[in-house]
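The structure under discussion appears below in the form of structure tokens.
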Amino acid sequence: MNRTVNVVRMQLINKQTFVWVPLIVLGASFAVSIAIYAILSSSGLPGPFYGGGSQAPLWVLLFVGISSLTLTFPFSQAMSVTRREFFLGTMLAAAMCAVLLAAVFAIGGMIEEATNGWGLNGYFFALDWVVADGPLVAAFFYFVLALLIFMLGFWSATVYKRSGAMVVALIWSGVGLLLVVAVWAITRFEMWTDVISAIVEQGPGGFAVWGLLAAVLLSGISYLTLRRTVP
């Protein structure tokens, strides 16, 4: 257990990666969004205003997941840390980062609802669908989303270390092709209404549960790949 905690400390030696960069991106995206809302409000538009800037810090975690393996794994092996200890410690560090972002999003959403969107009727955190079931569900949703995106980066890095860039490119190209085929099929058979209704009915809580299952699956695959990876 102590060695696992030491991996967490090792990952957090450079707090810029796990803490400050996501928060800086969050703050910059928030400032730009509020400035845009203020411009729209001063132009006489009533709102409400919504934007996609809140997703910016979440996608930073994709690169955090990549760097947490490619930059730290070789060093951990030189320190005689087992792959299991490295994996568990890295997952714990990622969960801590996801909890931090989830708390910021949940608190920000409550402030926005209490202040009528910062007095501008503009919403960065409190997106209607996400906060529909309350701040705790919204926090859970953001936690799972952050963890899932981190796992996508970490899993991609394990594949890269194990099999090389060509395999990673082929896998993601295949994923992109499957998404295009799915969009074509939904459009061809006029199923968009059913798909959107299903997503809405799931709600943020149900969507988060599916995302958590996907994150657990990715973590299992990543660990199995990591066991056969050369530092």
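Convention: chains lettered A, B, ... in structure tokens order; per-chain residue numbering from 1; ligands numbered from 1 as shown.
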
**Message:** Using only C-alpha atoms, which protein or nucleic acid residues come within 6 Å of stretch 85-96 of chain A? Drop anything in the same chain fewer than 2 positions from it, and give the result as a ChimeraX atom specification.
**Reply:** /A:4,7-8,82-83,98-99

Just-selected residues, C-alpha atoms written as a JSON list (two decimals), in the first residue's frame:
```
[["chain", "number", "residue", "atom", "x", "y", "z"],
["A", 4, "THR", "CA", 1.13, 2.53, -4.25],
["A", 7, "VAL", "CA", 3.35, 6.20, -7.01],
["A", 8, "VAL", "CA", 0.64, 8.81, -6.35],
["A", 82, "THR", "CA", 5.77, -3.24, -9.83],
["A", 83, "ARG", "CA", 3.37, -2.74, -12.72],
["A", 98, "ALA", "CA", -11.39, 13.83, -11.35],
["A", 99, "VAL", "CA", -12.83, 14.50, -7.87]]
```

* Contacts of A:Ala126 within 10 Å, only C-alpha atoms, excl. fewer than 5 positions in-chain, as a list in words -> Tyr50, Ser54, Phe105, Ala106, Ile107, Gly108, Gly109, Met110, Ile111, Glu112, Glu113, Gly117, Val131, Ala132, Pro135 and Ala138 of chain A

Exercise for the section: Pick out each residue of chain A that DSSP on the backbone tags as alpha helix (DSSP H); I need them as a ChimeraX atom specification. Expected result: /A:2-11,15,21-42,56-70,73-78,83-114,128-131,135-163,165-188,192-226

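With only C-alpha atoms as the atoms that count, the residue of A:Pro204, A:Ile221, A:Trp20, A:Ala31 with the shortest distance to A:Asp128 is A:Pro204.
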
| query | Skipping near chain neighbours, those fewer than 4 positions away, what residues fall within 7 Å of A:Val64 using only C-alpha atoms, listed as number ranges by chain? | reply | A: 17-18, 60, 68, 150

For A:Gly65, find every residue with an atom within 7 Å (counting only C-alpha atoms), except residues of its own chain fewer than 4 positions away, and show them as an MDAnalysis selection string. chainID A and resid 61 69 150:151 153:154

Dump as a compact mmCIF listing (two decimals), in the first residue's frame, selection limited to N, CA, C and O atoms:
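To be explicit, this is the file written out as out.txt:
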```txt
# COMPACT_ATOMS: atom_id res chain seq x y z
N LEU A 61 -7.38 16.13 -19.79
CA LEU A 61 -7.08 14.88 -19.10
C LEU A 61 -6.71 13.76 -20.07
O LEU A 61 -6.10 12.76 -19.66
N LEU A 69 1.66 7.80 -18.29
CA LEU A 69 2.31 6.53 -18.61
C LEU A 69 3.64 6.75 -19.31
O LEU A 69 4.67 6.23 -18.87
N PHE A 150 -9.53 10.43 -19.12
CA PHE A 150 -8.19 10.09 -18.68
C PHE A 150 -7.84 8.67 -19.11
O PHE A 150 -6.73 8.40 -19.60
N MET A 151 -8.78 7.73 -18.92
CA MET A 151 -8.52 6.33 -19.26
C MET A 151 -8.31 6.15 -20.76
O MET A 151 -7.53 5.29 -21.18
N GLY A 153 -6.80 8.26 -22.70
CA GLY A 153 -5.40 8.63 -22.93
C GLY A 153 -4.45 7.59 -22.39
O GLY A 153 -3.47 7.22 -23.06
N PHE A 154 -4.71 7.09 -21.19
CA PHE A 154 -3.82 6.11 -20.57
C PHE A 154 -3.81 4.81 -21.38
O PHE A 154 -2.74 4.23 -21.63
```

Practice problem: Tell me which of A:Asp133, A:Pro22, A:Ile66, A:Ser156 sits closest to A:Val200, counting only C-alpha atoms. | Solution: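 Residue with the minimum atom-to-atom distance to A:Val200: A:Asp133.
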
Exercise for the section: Run DSSP on the backbone and grab whatever in stretch 17-205 of chain A lands in strand (DSSP E); send it over as a count of residues only. Expected result: 4

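Taking only C-alpha atoms into account, A:Trp129 lies nearest to A:Gln202 out of the set A:Thr193, A:Ser173, A:Gln202, A:Thr187.
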
re atom CA of A:Leu213 and atom CA of A:Ile199: distance 16.3 Å

**Asked** Which residue gives the smallest distance to A:Arg228 among A:Thr158, A:Gln11, A:Ser197, A:Gln16, with only C-alpha atoms counted?
**Response**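 Closest to A:Arg228, using only C-alpha atoms: A:Thr158.
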
Notebook entry, point to check: Which residue gives the smallest distance to A:Ala182 among A:Gly220, A:Leu100, A:Val195, A:Lys15, with only C-alpha atoms counted?
Noted result: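 Checking each of A:Gly220, A:Leu100, A:Val195, A:Lys15 against A:Ala182, counting only C-alpha atoms, the winner is A:Val195.
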
Quick one: distance from atom CA of A:Ala157 to atom CA of A:Ser67 in Å, one decimal?
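Spanning atom CA of A:Ala157 to atom CA of A:Ser67 is a straight-line distance of 7.9 Å.
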
Exercise for review: Mind giving me the straight-line distance from atom CA of A:Leu101 to atom CA of A:Val32 in Å, one decimal?
Suggested key: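 Taking atom CA of A:Leu101 as the start and atom CA of A:Val32 as the end point, the length is 18.5 Å.
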
Neighbour list for stretch 35-47 of chain A as a PyMOL selection string, cut-off 8 Å, only C-alpha atoms, skip fewer than 6 positions in-chain: chain A and resi 120-122

So that I have them on file, write out the residues from the current selection with N, CA and C atoms, as a JSON list (two decimals), in the first residue's frame.
```json
[["chain", "number", "residue", "atom", "x", "y", "z"],
["A", 120, "LEU", "N", -25.98, 37.31, -15.93],
["A", 120, "LEU", "CA", -25.98, 37.48, -17.39],
["A", 120, "LEU", "C", -26.91, 36.47, -18.07],
["A", 121, "ASN", "N", -27.50, 35.59, -17.26],
["A", 121, "ASN", "CA", -28.29, 34.49, -17.81],
["A", 121, "ASN", "C", -27.44, 33.63, -18.75],
["A", 122, "GLY", "N", -26.16, 33.48, -18.34],
["A", 122, "GLY", "CA", -25.21, 32.68, -19.11],
["A", 122, "GLY", "C", -24.67, 31.55, -18.25]]
```

Find the residues near A:Ser29: any atom within 12 Å, counting only C-alpha atoms, skip ones fewer than 6 places away on the same chain, and give them as a ChimeraX atom specification. /A:22-23,35-36,51-58,124-125

From A:Ile196, A:Ala185, A:Cys97, A:Val209, residue lying nearest A:Phe140 [only C-alpha atoms]: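 Among A:Ile196, A:Ala185, A:Cys97, A:Val209, it is A:Val209 that comes nearest to A:Phe140.
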